[in-house]
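Undergrad: See target08.txt below, with compact mmCIF, C-alpha atoms.
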# COMPACT_ATOMS: atom_id res chain seq x y z
CA MET A 1 19.56 -14.58 17.74
CA ASN A 2 23.10 -13.23 17.62
CA HIS A 3 24.32 -10.17 15.74
CA SER A 4 25.72 -11.99 12.68
CA SER A 5 22.57 -14.06 12.07
CA LEU A 6 20.44 -10.93 12.48
CA LYS A 7 22.66 -9.19 9.93
CA LYS A 8 22.32 -12.16 7.52
CA SER A 9 18.53 -12.13 7.89
CA PHE A 10 18.43 -8.41 7.25
CA ARG A 11 20.50 -8.84 4.08
CA LYS A 12 18.20 -11.63 2.85
CA TYR A 13 15.06 -9.57 3.28
CA LEU A 14 16.74 -6.48 1.86
CA ALA A 15 17.53 -8.53 -1.25
CA VAL A 16 13.86 -9.60 -1.44
CA LEU A 17 12.82 -5.93 -1.12
CA VAL A 18 15.22 -4.85 -3.89
CA ILE A 19 13.95 -7.64 -6.17
CA SER A 20 10.37 -6.58 -5.46
CA ILE A 21 11.15 -2.96 -6.33
CA LYS A 22 12.84 -4.09 -9.56
CA ASP A 23 9.81 -6.24 -10.29
CA ALA A 24 7.51 -3.26 -9.79
CA ILE A 25 9.69 -1.19 -12.12
CA ASN A 26 9.61 -3.94 -14.74
CA PHE A 27 5.83 -4.03 -14.52
CA ARG A 28 5.49 -0.24 -14.50
CA ALA A 29 2.60 -0.33 -16.98
CA GLU A 30 0.67 -2.60 -14.61
CA LEU A 31 1.62 -0.39 -11.67
CA LEU A 32 0.47 2.71 -13.54
CA LEU A 33 -2.77 1.03 -14.61
CA TRP A 34 -3.60 -0.02 -11.03
CA THR A 35 -2.69 3.45 -9.81
CA VAL A 36 -5.11 5.04 -12.26
CA ILE A 37 -7.84 2.52 -11.43
CA ASP A 38 -7.34 3.08 -7.69
CA ALA A 39 -7.44 6.87 -8.12
CA MET A 40 -10.66 6.98 -10.19
CA PRO A 41 -13.04 6.90 -7.19
CA LEU A 42 -11.00 9.68 -5.57
CA VAL A 43 -11.20 11.84 -8.68
CA ALA A 44 -14.96 11.22 -8.96
CA ILE A 45 -15.73 12.04 -5.33
CA LEU A 46 -13.54 15.14 -5.39
CA ALA A 47 -15.27 16.32 -8.58
CA LEU A 48 -18.65 15.91 -6.87
CA TRP A 49 -17.53 17.77 -3.75
CA LEU A 50 -15.90 20.59 -5.72
CA ARG A 51 -19.10 20.94 -7.75
CA ALA A 52 -21.10 21.11 -4.51
CA PHE A 53 -18.80 23.83 -3.17
CA GLU A 54 -19.48 26.04 -6.20
CA SER A 55 -22.76 27.12 -4.63
CA ALA A 56 -21.58 27.52 -1.02
CA PRO A 57 -18.28 28.42 0.69
CA ASP A 58 -18.83 25.70 3.28
CA ILE A 59 -21.10 22.72 3.70
CA GLY A 60 -22.05 21.61 7.20
CA GLY A 61 -19.15 23.61 8.63
CA TYR A 62 -16.58 22.01 6.33
CA THR A 63 -14.64 24.07 3.82
CA ARG A 64 -13.43 22.99 0.41
CA ALA A 65 -9.89 22.69 1.81
CA THR A 66 -10.90 20.38 4.66
CA ILE A 67 -12.91 18.09 2.38
CA VAL A 68 -10.15 17.88 -0.24
CA SER A 69 -7.47 17.23 2.38
CA TYR A 70 -9.66 14.60 4.09
CA TYR A 71 -10.10 12.60 0.89
CA LEU A 72 -6.51 13.00 -0.29
CA VAL A 73 -5.03 11.95 3.05
CA GLY A 74 -7.49 9.05 3.22
CA TYR A 75 -6.50 7.96 -0.27
CA ILE A 76 -2.79 8.12 0.51
CA PHE A 77 -3.36 6.15 3.75
CA GLN A 78 -5.40 3.50 1.95
CA ASP A 79 -2.83 3.28 -0.81
CA MET A 80 0.13 3.04 1.57
CA THR A 81 -1.36 0.51 3.96
CA GLY A 82 -3.03 -1.90 1.56
CA ALA A 83 -1.46 -5.33 1.11
CA HIS A 84 -2.65 -7.30 -1.89
CA PHE A 85 -0.42 -10.35 -2.06
CA GLU A 86 -3.10 -12.90 -1.18
CA GLU A 87 -4.53 -13.27 -4.69
CA THR A 88 -1.15 -13.97 -6.27
CA SER A 89 -0.13 -16.28 -3.43
CA ILE A 90 -3.34 -18.32 -3.63
CA ARG A 91 -2.83 -18.70 -7.38
CA GLU A 92 0.75 -19.85 -6.69
CA ILE A 93 -0.54 -22.37 -4.12
CA ARG A 94 -2.96 -23.78 -6.68
CA ASP A 95 -0.45 -24.18 -9.49
CA GLY A 96 2.37 -25.33 -7.20
CA SER A 97 4.75 -22.48 -7.95
CA ILE A 98 4.72 -21.48 -4.26
CA ALA A 99 7.31 -24.23 -3.81
CA LYS A 100 10.03 -21.86 -5.03
CA TYR A 101 9.39 -19.71 -1.94
CA LEU A 102 9.14 -22.65 0.43
CA LEU A 103 12.62 -23.77 -0.66
CA LYS A 104 14.21 -20.37 0.00
CA PRO A 105 16.19 -19.87 3.22
CA PHE A 106 13.74 -17.37 4.70
CA SER A 107 10.28 -17.21 6.19
CA LEU A 108 7.50 -17.31 3.60
CA GLN A 109 5.37 -14.95 5.68
CA ILE A 110 8.06 -12.31 6.12
CA GLY A 111 9.07 -12.75 2.49
CA LEU A 112 5.50 -12.03 1.33
CA ILE A 113 5.30 -8.92 3.52
CA VAL A 114 8.68 -7.61 2.33
CA ARG A 115 7.80 -8.42 -1.29
CA GLU A 116 4.57 -6.43 -0.94
CA LEU A 117 6.47 -3.59 0.73
CA GLY A 118 8.48 -3.13 -2.47
CA TRP A 119 5.26 -2.62 -4.40
CA ARG A 120 3.96 -0.22 -1.72
CA LEU A 121 7.15 1.85 -1.98
CA MET A 122 6.83 2.07 -5.75
CA THR A 123 3.14 2.92 -5.44
CA PHE A 124 4.08 5.71 -3.04
CA LEU A 125 6.60 7.04 -5.55
CA VAL A 126 4.03 6.88 -8.36
CA THR A 127 1.02 8.26 -6.45
CA GLY A 128 1.87 9.61 -3.01
CA ILE A 129 4.62 12.00 -4.00
CA PRO A 130 2.75 13.40 -7.06
CA PHE A 131 -0.41 13.93 -4.97
CA VAL A 132 1.55 15.79 -2.30
CA LEU A 133 3.32 17.87 -4.96
CA MET A 134 -0.02 18.69 -6.60
CA LEU A 135 -1.33 19.82 -3.24
CA VAL A 136 1.69 22.01 -2.61
CA VAL A 137 1.56 23.58 -6.08
CA PHE A 138 -2.18 23.93 -6.66
CA ALA A 139 -3.54 24.24 -3.13
CA PRO A 140 -0.76 25.25 -0.73
CA ASN A 141 -3.19 26.06 2.10
CA VAL A 142 -5.18 22.83 1.92
CA LEU A 143 -2.93 20.55 3.96
CA LYS A 144 -1.22 21.82 7.05
CA LEU A 145 1.91 19.96 8.07
CA PRO A 146 1.52 18.52 11.58
CA ALA A 147 4.11 18.92 14.32
CA PRO A 148 7.10 16.49 14.24
CA GLY A 149 5.73 14.48 17.18
CA ARG A 150 2.46 13.98 15.38
CA LEU A 151 4.31 12.98 12.22
CA LEU A 152 6.03 10.23 14.20
CA ILE A 153 2.66 9.07 15.51
CA LEU A 154 1.34 9.15 11.94
CA LEU A 155 4.27 7.02 10.76
CA TYR A 156 3.66 4.56 13.59
CA VAL A 157 -0.03 4.32 12.67
CA LEU A 158 0.84 3.78 8.99
CA VAL A 159 3.25 0.95 9.83
CA PHE A 160 0.77 -0.62 12.26
CA ALA A 161 -2.08 -0.42 9.70
CA TYR A 162 0.16 -1.96 7.03
CA LEU A 163 1.12 -4.81 9.35
CA LEU A 164 -2.53 -5.44 10.28
CA ASP A 165 -3.49 -5.65 6.63
CA CYS A 166 -0.53 -7.98 6.01
CA ILE A 167 -1.65 -10.24 8.86
CA TYR A 168 -5.13 -10.38 7.35
CA SER A 169 -3.63 -11.22 3.93
CA LEU A 170 -1.40 -13.89 5.50
CA PHE A 171 -4.49 -15.44 7.09
CA ILE A 172 -6.12 -15.65 3.66
CA VAL A 173 -2.93 -17.19 2.18
CA ALA A 174 -2.87 -19.76 5.00
CA MET A 175 -6.48 -20.62 4.20
CA GLY A 176 -5.37 -21.12 0.58
CA PHE A 177 -3.54 -24.25 1.70
CA ILE A 178 -6.80 -25.60 3.16
CA ILE A 179 -9.76 -24.08 1.32
CA GLU A 180 -10.00 -24.31 -2.45
CA GLU A 181 -11.84 -20.98 -2.87
CA ALA A 182 -9.84 -18.92 -0.33
CA GLU A 183 -9.89 -15.92 -2.68
CA SER A 184 -13.49 -15.34 -1.68
CA LEU A 185 -12.31 -14.48 1.85
CA SER A 186 -10.65 -11.26 0.71
Could you express the structure from this file as structure tokens?
TA:
Amino acid sequence: MNHSSLKKSFRKYLAVLVISIKDAINFRAELLLWTVIDAMPLVAILALWLRAFESAPDIGGYTRATIVSYYLVGYIFQDMTGAHFEETSIREIRDGSIAKYLLKPFSLQIGLIVRELGWRLMTFLVTGIPFVLMLVVFAPNVLKLPAPGRLLILLYVLVFAYLLDCIYSLFIVAMGFIIEEAESLS
């Protein structure tokens, strides 16, 4: 692949990403609703742990700060690495509207991943940044910032986990062309 075709491909997928971000902004109520629904188990488990820590400064060698940071980091990881395009794609396969993507001059698979990435970026803006700001304001000693080398490793792991989840979702979408009830695979 030469430089100009690589540049054209990059521009195509950048346009898909921008459209996906605009789509997420247009459906901000839905994004906010899913954010609240996704955060409810986190709020519940943190409330239980904080209640348990009222009677003891540490439980099993873990402090309140380590438990809170464990669950918050886990939530942010889960939120950042989850790909959920298979349900929509299977519905589009069933009703035939997937044809609009098959006629576009780009890979359906990469297009689905980039489209989902737009939603992940908006989700990070809506949940990740506020959670980190809440930690900094309300519990500045809870999360310790790792060294820059470890942050790079963390970024690599996040990208790899996102791609693995996307591959799994793509497998389910591919099964949607073959199996009528492919949604049950997810």
Undergrad: Restricting the calculation to all atoms listed in the file, which member of A:Ser89, A:Ile67, A:Ala161, A:Ala24 is positioned closest to Ile45 in chain A?
TA: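 The closest residue to Ile45 in chain A is A:Ile67.
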Undergrad: Within 8 Å of Gly82 in chain A, counting all atoms listed in the file, which residues show up once you throw out same-chain ones fewer than 3 positions away? Write them as a ChimeraX atom specification, please.
TA: /A:78-79,120,162,165-166
Undergrad: Could you write those residues out with C-alpha atoms, as a compact mmCIF listing (two decimals), in the coordinates of the input?
TA:
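Generated output (part.txt):
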# COMPACT_ATOMS: atom_id res chain seq x y z
CA GLN A 78 -5.40 3.50 1.95
CA ASP A 79 -2.83 3.28 -0.81
CA ARG A 120 3.96 -0.22 -1.72
CA TYR A 162 0.16 -1.96 7.03
CA ASP A 165 -3.49 -5.65 6.63
CA CYS A 166 -0.53 -7.98 6.01
Undergrad: Of the candidates A:Ile179, A:Val68, A:Ile110, A:Leu158, which one gets nearest to Met134 in chain A if we count only C-alpha atoms?
TA: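 Ranked by minimum distance to Met134 in chain A, first place goes to A:Val68.
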Undergrad: How far is it from CA of Gly60 in chain A to CA of Pro146 in chain A, in Å with one decimal?
TA: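 CA of Pro146 in chain A lies 24.2 Å from CA of Gly60 in chain A.
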Undergrad: I want to know what sits within 12 Å of Ile93 in chain A, based on all atoms listed in the file, with residues of the same chain fewer than 2 positions away left out; could you give that as a PyMOL selection string?
TA: chain A and resi 86-91+95-102+172-183
Undergrad: Save out the residues we just selected, C-alpha atoms, as an mmCIF file, keeping the file's coordinate frame.
TA:
data_model
loop_
_atom_site.group_PDB
_atom_site.id
_atom_site.type_symbol
_atom_site.label_atom_id
_atom_site.label_comp_id
_atom_site.auth_asym_id
_atom_site.auth_seq_id
_atom_site.Cartn_x
_atom_site.Cartn_y
_atom_site.Cartn_z
ATOM 1 C CA GLU A 86 -3.100 -12.900 -1.180
ATOM 2 C CA GLU A 87 -4.530 -13.270 -4.690
ATOM 3 C CA THR A 88 -1.150 -13.970 -6.270
ATOM 4 C CA SER A 89 -0.130 -16.280 -3.430
ATOM 5 C CA ILE A 90 -3.340 -18.320 -3.630
ATOM 6 C CA ARG A 91 -2.830 -18.700 -7.380
ATOM 7 C CA ASP A 95 -0.450 -24.180 -9.490
ATOM 8 C CA GLY A 96 2.370 -25.330 -7.200
ATOM 9 C CA SER A 97 4.750 -22.480 -7.950
ATOM 10 C CA ILE A 98 4.720 -21.480 -4.260
ATOM 11 C CA ALA A 99 7.310 -24.230 -3.810
ATOM 12 C CA LYS A 100 10.030 -21.860 -5.030
ATOM 13 C CA TYR A 101 9.390 -19.710 -1.940
ATOM 14 C CA LEU A 102 9.140 -22.650 0.430
ATOM 15 C CA ILE A 172 -6.120 -15.650 3.660
ATOM 16 C CA VAL A 173 -2.930 -17.190 2.180
ATOM 17 C CA ALA A 174 -2.870 -19.760 5.000
ATOM 18 C CA MET A 175 -6.480 -20.620 4.200
ATOM 19 C CA GLY A 176 -5.370 -21.120 0.580
ATOM 20 C CA PHE A 177 -3.540 -24.250 1.700
ATOM 21 C CA ILE A 178 -6.800 -25.600 3.160
ATOM 22 C CA ILE A 179 -9.760 -24.080 1.320
ATOM 23 C CA GLU A 180 -10.000 -24.310 -2.450
ATOM 24 C CA GLU A 181 -11.840 -20.980 -2.870
ATOM 25 C CA ALA A 182 -9.840 -18.920 -0.330
ATOM 26 C CA GLU A 183 -9.890 -15.920 -2.680
#
Undergrad: Excluding Val18 in chain A and any residue of its chain fewer than 2 positions from it, enumerate the residues within 12 Å of it, using all atoms listed in the file, and give them as number ranges by chain.
TA: A: 11-16, 20-25, 111, 114-119, 121-122
Undergrad: Pick from A:Ala29, A:Ala56, A:Leu103, A:Asn2: nearest to Val126 in chain A, with only C-alpha atoms counted?
TA: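 The shortest atom-to-atom distance to Val126 in chain A comes from A:Ala29.
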Undergrad: CA of Leu108 in chain A to CA of Leu170 in chain A: how many Å, to one decimal?
TA: 9.7 Å
Undergrad: Please indicate the distance in Å from CA of Asp38 in chain A to CA of Tyr156 in chain A, rounded to one decimal place.
TA: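 That distance, rounded to one decimal, is 24.0 Å.
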Undergrad: With distances taken over all atoms listed in the file, which of A:Met80, A:Phe171, A:Phe106, A:Val159 is nearest to Thr35 in chain A?
TA: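 For Thr35 in chain A, the nearest of the candidates is A:Met80.
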Undergrad: Take range 80-91 of chain A, model all heavy atoms, and hand the result over as a short mmCIF file (atom, residue, chain, number, x, y, z; two decimals), in the frame of the given file.
TA:
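Once written, selection25.cif looks like this:
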data_model
loop_
_atom_site.label_atom_id
_atom_site.label_comp_id
_atom_site.auth_asym_id
_atom_site.auth_seq_id
_atom_site.Cartn_x
_atom_site.Cartn_y
_atom_site.Cartn_z
N MET A 80 -1.12 3.42 0.90
CA MET A 80 0.13 3.04 1.57
C MET A 80 -0.03 1.82 2.47
O MET A 80 0.93 1.09 2.70
CB MET A 80 0.67 4.20 2.41
CG MET A 80 1.19 5.36 1.61
SD MET A 80 2.55 4.92 0.55
CE MET A 80 3.73 4.34 1.72
N THR A 81 -1.20 1.59 2.99
CA THR A 81 -1.36 0.51 3.96
C THR A 81 -1.98 -0.75 3.39
O THR A 81 -2.06 -1.76 4.08
CB THR A 81 -2.22 0.97 5.16
OG1 THR A 81 -3.52 1.36 4.68
CG2 THR A 81 -1.58 2.13 5.88
N GLY A 82 -2.39 -0.73 2.14
CA GLY A 82 -3.03 -1.90 1.56
C GLY A 82 -2.02 -2.97 1.16
O GLY A 82 -1.01 -2.67 0.54
N ALA A 83 -2.28 -4.20 1.53
CA ALA A 83 -1.46 -5.33 1.11
C ALA A 83 -2.33 -6.23 0.24
O ALA A 83 -3.43 -6.59 0.63
CB ALA A 83 -0.95 -6.09 2.33
N HIS A 84 -1.83 -6.55 -0.93
CA HIS A 84 -2.65 -7.30 -1.89
C HIS A 84 -1.92 -8.53 -2.42
O HIS A 84 -2.03 -8.85 -3.59
CB HIS A 84 -3.06 -6.39 -3.05
CG HIS A 84 -3.74 -5.15 -2.62
ND1 HIS A 84 -5.01 -5.14 -2.11
CD2 HIS A 84 -3.31 -3.86 -2.60
CE1 HIS A 84 -5.35 -3.89 -1.80
NE2 HIS A 84 -4.33 -3.10 -2.09
N PHE A 85 -1.17 -9.20 -1.57
CA PHE A 85 -0.42 -10.35 -2.06
C PHE A 85 -1.20 -11.65 -1.98
O PHE A 85 -0.75 -12.67 -2.48
CB PHE A 85 0.92 -10.50 -1.33
CG PHE A 85 0.81 -10.62 0.17
CD1 PHE A 85 0.48 -11.82 0.76
CD2 PHE A 85 1.06 -9.53 0.97
CE1 PHE A 85 0.41 -11.94 2.13
CE2 PHE A 85 0.99 -9.63 2.35
CZ PHE A 85 0.66 -10.84 2.93
N GLU A 86 -2.38 -11.63 -1.38
CA GLU A 86 -3.10 -12.90 -1.18
C GLU A 86 -3.58 -13.52 -2.48
O GLU A 86 -3.54 -14.74 -2.64
CB GLU A 86 -4.26 -12.73 -0.20
CG GLU A 86 -5.39 -11.85 -0.65
CD GLU A 86 -5.20 -10.38 -0.36
OE1 GLU A 86 -4.17 -9.99 0.21
OE2 GLU A 86 -6.09 -9.62 -0.74
N GLU A 87 -4.02 -12.70 -3.44
CA GLU A 87 -4.53 -13.27 -4.69
C GLU A 87 -3.43 -14.00 -5.46
O GLU A 87 -3.62 -15.11 -5.93
CB GLU A 87 -5.14 -12.16 -5.55
CG GLU A 87 -6.37 -11.55 -4.93
CD GLU A 87 -6.81 -10.29 -5.64
OE1 GLU A 87 -6.24 -9.96 -6.70
OE2 GLU A 87 -7.73 -9.64 -5.12
N THR A 88 -2.28 -13.36 -5.58
CA THR A 88 -1.15 -13.97 -6.27
C THR A 88 -0.68 -15.22 -5.54
O THR A 88 -0.40 -16.26 -6.16
CB THR A 88 0.02 -12.97 -6.39
OG1 THR A 88 -0.47 -11.78 -7.00
CG2 THR A 88 1.14 -13.54 -7.21
N SER A 89 -0.61 -15.14 -4.22
CA SER A 89 -0.13 -16.28 -3.43
C SER A 89 -1.08 -17.46 -3.53
O SER A 89 -0.63 -18.61 -3.63
CB SER A 89 0.04 -15.87 -1.97
OG SER A 89 1.00 -14.85 -1.86
N ILE A 90 -2.37 -17.22 -3.52
CA ILE A 90 -3.34 -18.32 -3.63
C ILE A 90 -3.22 -18.97 -5.01
O ILE A 90 -3.27 -20.19 -5.13
CB ILE A 90 -4.77 -17.82 -3.34
CG1 ILE A 90 -4.90 -17.49 -1.85
CG2 ILE A 90 -5.81 -18.85 -3.76
CD1 ILE A 90 -6.17 -16.82 -1.46
N ARG A 91 -3.03 -18.15 -6.03
CA ARG A 91 -2.83 -18.70 -7.38
C ARG A 91 -1.55 -19.55 -7.42
O ARG A 91 -1.52 -20.62 -8.02
CB ARG A 91 -2.77 -17.55 -8.38
CG ARG A 91 -2.94 -17.95 -9.80
CD ARG A 91 -3.11 -16.79 -10.78
NE ARG A 91 -2.48 -15.53 -10.44
CZ ARG A 91 -3.13 -14.45 -9.98
NH1 ARG A 91 -4.43 -14.50 -9.78
NH2 ARG A 91 -2.48 -13.33 -9.71
#
